[in-house]
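Asks: This is the structure I have questions about; it appears just below.
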Amino acid sequence: MKYDCIIVGAGPAGVFCAYEFMEKMPNAKILLIDKGKNIYKRKCPVNEHLLEKCPVNREGVSGCHPACSITNGFGGAGAFSDGKFNITTEFGGWLTDYLDDNTVLELIKYVDQINLKYGAPKEITNPTTDKVREIERRALSVGLKLLRSQVRHLGTENNLKIQAAIYEDLKDHVDMMFETEVSDILVTDGKVTGIALKKGEIIDSDYVFLGVGRDGSKWLEDMCHKYNIHMTNNQVDVGVRVETNDIVMEEINSNLYEGKFIYRTSVGTTVRTFCSNPSGHVVIENHSGTMLANGHAYASKELGSHNTNFALLVSHKFSDPFDLPNEYAHQVSRLANELSCGSIIVQRYGDIVRGRRSTQKRIDEGFVRPTLTEAVPGDLGLVLPYNTMKSIVEMIEALDHVTPGIANEHTLFYGVEAKFYSARPEIKNNFETKSVEGLYVGGDGAGLTRGLAQAGANGVFVARDIIKKLENNSLDKGTE
Ligand SMILES: Cc1cc2nc3c(=O)[nH]c(=O)nc-3n(C[C@H](O)[C@H](O)[C@H](O)COP(=O)(O)OP(=O)(O)OC[C@H]3O[C@@H](n4cnc5c(N)ncnc54)[C@H](O)[C@@H]3O)c2cc1C
């Protein structure tokens, strides 16, 4: 059987691509494949109390087969998150490198409407209140740009219900295969002709969309090397997780929940705040064997701390001949792991300014109680490159004008926090690879997005582009 289009990956990019086919070309033969499980079977053995801890191997890869149910399967990587759906083109991806702002925003709003249709909460944050304008004005006066966005909190329980409702509609119109890994793409004379499954089967189609997410990005890289698709990846974000008392962040927390600011430093870098967690906890993230700082916040107030944490990240771009940005960030982070005997380092801002290490005594005497008690007091000056540290110090001093007290002596810096990006295949403005006709890429795995909204928007755009081609092809056949 030959399909009109094969979609690999049932994350937001793949699901909204399939959804658009169902809406706009209901008779098209579409196949959606994912190596993870369908929405009802996605269960983590740790959450189900079948295992005590996650069976990760030394490289940090899940030992669950066919794939980790937390990050793979229908709904993709964020299916179990509280689903903050950001209606903006200012962050969440780089689709505007290929499409104009209005087109991307319209696509995001279109996906938002689909979520609403399937039960997303009607409430949405309002970033245009007088109070937010006042915060924005204070920020601009010291060179900080506030990135404003309407945010619809889908909520963890709703997120899964919305996914299940979309799944129920899709399954009557689109063929779906789960627990099925795609191992190869088939290419003849520069044109895609189908895919090969790990279990040996071959499935034909003139159009293949790869929305394989972060988990599939290594495989996508392998495919690109195999079929001579040029890739670029020269950015990585390196920085620290900042922790302070809730009271210092109260105005931002209550008016914005998350204040996203960017700053251009005197050394030419860009720094941004990211992933703010009011009444949250700092945690260690094991990223392929490298220990990194991260943070989260429980929804329940009883489980909350008295601290707010957020990341301060400096974007690093490299030029020829260096093209291993992710490896660079791993090396910097591993230095902190070495100095803290396999953990991460915590240091008071006052000690950073004085150029001395934090000791347990200095941390104990501080006014901010660390929520990550296993972080080892030390000196981030021995880890972070000069420009990175200088950028972070400039940013925190600027932020002090917006949230007075953030640059105080006792604020804690945990390091290293890093964000890695997938390499980006060379594509045309319609997300079709330049060297293989009919092969489209999208979402987080192709380094084009980093959030639900733009990943979904990407999928819808790709479906519309393929539909146009299928319609033209059938017109051509009709006139032959
Ligand atoms: C814990 C967590 C919380 C998050 N919270 C938010 C949030 O609140 N707001 C927000 O905007 N974003 C959030 N994100 C990010 C968001 O989930 C991602 O940006 C989004 O899921 C990317 O969508 P995608 O379709 O590109 O890829 P994914 O969602 O990663 O889906 C890719 C799918 O492809 C499948 N796949 C990969 N390789 C193969 C293969 N070879 N064969 C078959 N199938 C394959 C995988 O199994 C996976 O299901 C969160 C992410 C995580 C991990």
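In the structure tokens, the first chain shown is A, the next is B, and so on; residue numbers restart at 1 for each chain, and ligands run from 1 in the order shown.
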Could you tell me, counting only C-alpha atoms and all ligand atoms, which protein and nucleic acid residues lie no more than 6 Å from ligand 1, written as a PyMOL selection string?

Replies: chain A and resi 8-14+33-36+72-74+76-78+81-85+180-183+211-216+443-445+450-453+455

Asks: Output as an MDAnalysis selection string all residues of range 194-407 of chain A that backbone DSSP marks as alpha helix (DSSP H).

Replies: chainID A and resid 217:226 246:256 325:339 349:354 360:365 386:399

Asks: Let me make sure I understand: among A:Lys29, A:His410, A:Lys161, A:Arg369, which one has the smallest atom-to-atom distance to Asp175 in chain A if we use only C-alpha atoms?

Replies: A:Lys29

Asks: Env of Gly447 in chain A: 7 Å cut, atoms = only C-alpha atoms, seq-sep filter 5 positions within chain, self excluded. Answer as a list in words.

Replies: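 With the cut-off at 7 Å, the set is Tyr421, Ser422, Ala423 and Arg424 of chain A.
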
Asks: Since we have the selection now, will you write its residues out, keeping N, CA, C and O atoms, as an mmCIF file, in the first residue's frame?

Replies:
```
data_model
loop_
_atom_site.group_PDB
_atom_site.id
_atom_site.type_symbol
_atom_site.label_atom_id
_atom_site.label_comp_id
_atom_site.auth_asym_id
_atom_site.auth_seq_id
_atom_site.Cartn_x
_atom_site.Cartn_y
_atom_site.Cartn_z
ATOM 1 N N TYR A 421 20.775 22.123 21.649
ATOM 2 C CA TYR A 421 19.834 22.179 20.519
ATOM 3 C C TYR A 421 20.189 21.115 19.504
ATOM 4 O O TYR A 421 21.354 20.800 19.307
ATOM 5 N N SER A 422 19.140 20.599 18.843
ATOM 6 C CA SER A 422 19.385 19.618 17.792
ATOM 7 C C SER A 422 19.961 20.333 16.580
ATOM 8 O O SER A 422 19.626 21.497 16.323
ATOM 9 N N ALA A 423 20.795 19.602 15.825
ATOM 10 C CA ALA A 423 21.342 20.170 14.592
ATOM 11 C C ALA A 423 20.205 20.372 13.584
ATOM 12 O O ALA A 423 19.215 19.639 13.604
ATOM 13 N N ARG A 424 20.350 21.377 12.736
ATOM 14 C CA ARG A 424 19.274 21.728 11.804
ATOM 15 C C ARG A 424 19.638 21.337 10.373
ATOM 16 O O ARG A 424 20.642 21.817 9.835
#
```

Asks: Can you list, as a VMD selection string, every protein, DNA or RNA residue that comes within 8 Å of range 233-240 of chain A when you count only C-alpha atoms, leaving out same-chain residues fewer than 5 positions away?

Replies: chain A and resid 293 311 to 319 323 to 326 329 384 388 to 389 392 413 to 424

Asks: If we count only C-alpha atoms and set the cut-off at 6 Å, which residues sit around Lys260 in chain A, ignoring sequence neighbours fewer than 5 positions away in its own chain? Please answer as number ranges by chain.

Replies: A: 146-147, 273

Asks: Choose the residue, out of A:Arg348, A:Lys218, A:His281, A:His401, that has the smallest atom-to-atom separation from Pro377 in chain A; count only C-alpha atoms.

Replies: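 Between A:Arg348, A:Lys218, A:His281, A:His401, the residue approaching Pro377 in chain A most closely is A:Arg348.
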
Asks: When you look at Ile396 in chain A with a cut-off of 10 Å (counting only C-alpha atoms), what residues show up, excluding the ones that are within fewer than 2 positions of it in the same chain? I need them as a compact mmCIF listing (two decimals) with N, CA, C and O atoms, in the first residue's frame.

Replies:
```
# COMPACT_ATOMS: atom_id res chain seq x y z
N VAL A 242 19.55 30.31 39.19
CA VAL A 242 19.57 31.30 40.27
C VAL A 242 18.46 30.94 41.25
O VAL A 242 17.38 30.53 40.84
N TYR A 263 18.84 40.22 27.48
CA TYR A 263 19.78 41.32 27.72
C TYR A 263 20.99 41.14 26.80
O TYR A 263 21.49 40.03 26.62
N VAL A 271 21.94 37.21 26.96
CA VAL A 271 21.59 36.41 28.13
C VAL A 271 20.08 36.41 28.26
O VAL A 271 19.43 37.41 27.97
N THR A 273 16.58 34.98 30.74
CA THR A 273 16.03 34.22 31.87
C THR A 273 15.16 33.13 31.28
O THR A 273 14.59 33.29 30.20
N LEU A 312 19.63 31.51 34.18
CA LEU A 312 20.24 32.62 33.43
C LEU A 312 21.17 31.96 32.42
O LEU A 312 22.15 31.33 32.81
N TYR A 349 26.09 34.69 45.47
CA TYR A 349 26.47 35.77 44.55
C TYR A 349 27.53 36.66 45.20
O TYR A 349 28.49 37.09 44.53
N SER A 391 28.88 37.97 31.58
CA SER A 391 27.53 38.19 31.03
C SER A 391 26.47 37.96 32.11
O SER A 391 25.50 38.72 32.23
N ILE A 392 26.67 36.91 32.90
CA ILE A 392 25.69 36.58 33.95
C ILE A 392 25.67 37.67 35.01
O ILE A 392 24.61 38.10 35.48
N VAL A 393 26.87 38.16 35.37
CA VAL A 393 26.94 39.21 36.40
C VAL A 393 26.27 40.48 35.89
O VAL A 393 25.47 41.12 36.59
N GLU A 394 26.52 40.85 34.63
CA GLU A 394 25.88 42.05 34.06
C GLU A 394 24.36 41.90 34.07
O GLU A 394 23.63 42.83 34.38
N ALA A 398 21.49 44.08 36.10
CA ALA A 398 20.40 44.77 35.40
C ALA A 398 19.06 44.34 35.99
O ALA A 398 18.17 45.17 36.24
N LEU A 399 18.92 43.04 36.25
CA LEU A 399 17.65 42.52 36.80
C LEU A 399 17.35 43.13 38.17
O LEU A 399 16.20 43.25 38.57
N ASP A 400 18.42 43.52 38.88
CA ASP A 400 18.23 44.09 40.21
C ASP A 400 17.39 45.38 40.17
O ASP A 400 16.76 45.76 41.14
N HIS A 401 17.37 46.05 38.99
CA HIS A 401 16.56 47.27 38.87
C HIS A 401 15.09 46.91 38.66
O HIS A 401 14.22 47.75 38.85
N VAL A 402 14.82 45.71 38.21
CA VAL A 402 13.42 45.30 37.98
C VAL A 402 12.89 44.55 39.19
O VAL A 402 11.75 44.74 39.61
N THR A 403 13.74 43.68 39.75
CA THR A 403 13.36 42.92 40.95
C THR A 403 14.40 43.25 42.03
O THR A 403 15.37 42.48 42.21
N GLY A 405 16.82 43.42 44.87
CA GLY A 405 17.21 42.39 45.84
C GLY A 405 17.75 41.13 45.17
O GLY A 405 18.40 40.32 45.83
N ILE A 406 17.52 41.00 43.85
CA ILE A 406 17.98 39.75 43.21
C ILE A 406 19.51 39.68 43.20
O ILE A 406 20.08 38.59 43.29
N ALA A 407 20.18 40.85 43.14
CA ALA A 407 21.65 40.83 43.12
C ALA A 407 22.22 40.95 44.53
O ALA A 407 23.32 41.46 44.73
N ASN A 408 21.47 40.49 45.52
CA ASN A 408 22.02 40.61 46.88
C ASN A 408 23.01 39.49 47.15
O ASN A 408 23.04 38.46 46.47
```

Asks: For the contact check between range 22-47 of chain A and range 461-480 of chain A, emit one row per residue of range 22-47 of chain A within 10 Å, containing the shortest atom pair and the distance in Å rounded to one decimal, counting only C-alpha atoms, chain then rising number order, as a tab-separated table.

Replies:
```
residue	atom	partner	partner_atom	distance
A:Met22	CA	A:Ala463	CA	9.8
A:Lys24	CA	A:Ile467	CA	8.0
A:Met25	CA	A:Ile467	CA	7.2
A:Ala28	CA	A:Ile467	CA	8.8
```

Asks: Please produce a file of those selected residues containing N, CA, C and O atoms, as a CSV table (one decimal), in the first residue's frame.

Replies:
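Below is the file again-v3.csv, written as the result:
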```
chain,number,residue,atom,x,y,z
A,22,MET,N,-6.4,15.4,8.1
A,22,MET,CA,-7.8,14.9,8.4
A,22,MET,C,-8.8,16.0,8.1
A,22,MET,O,-9.9,15.8,7.5
A,24,LYS,N,-8.3,18.9,6.1
A,24,LYS,CA,-8.3,19.6,4.8
A,24,LYS,C,-8.3,18.6,3.6
A,24,LYS,O,-8.5,18.9,2.5
A,25,MET,N,-7.9,17.3,3.9
A,25,MET,CA,-7.8,16.3,2.8
A,25,MET,C,-8.2,15.0,3.4
A,25,MET,O,-7.4,14.1,3.5
A,28,ALA,N,-7.1,11.6,2.0
A,28,ALA,CA,-5.7,11.3,1.8
A,28,ALA,C,-5.4,10.1,2.6
A,28,ALA,O,-5.9,9.9,3.7
```

Asks: Any idea what's packed within 12 Å of range 109-115 of chain A, counting only C-alpha atoms, ignoring anything in its chain fewer than 5 positions away? Could you give it as a PyMOL selection string?

Replies: chain A and resi 12-13+15-17+19-20+23+83-89+102-104+120-122+124+150-154+158-166+452-461

Asks: Nearest residue to Glu201 in chain A out of A:Glu157, A:Glu243, A:Asp184, A:Glu302, using only C-alpha atoms?

Replies: A:Asp184

Asks: Just the number, please: distance in Å from CA of Tyr167 in chain A to CA of Trp94 in chain A, one decimal.

Replies: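 So the answer is 27.4 Å.
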
Asks: Give the answer as one residue: which of A:Thr71, A:Thr188, A:Ser276, A:Thr308 has the shortest atom-to-atom distance to Asp204 in chain A, using only C-alpha atoms?

Replies: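 Using only C-alpha atoms, the shortest distance to Asp204 in chain A belongs to A:Thr188.
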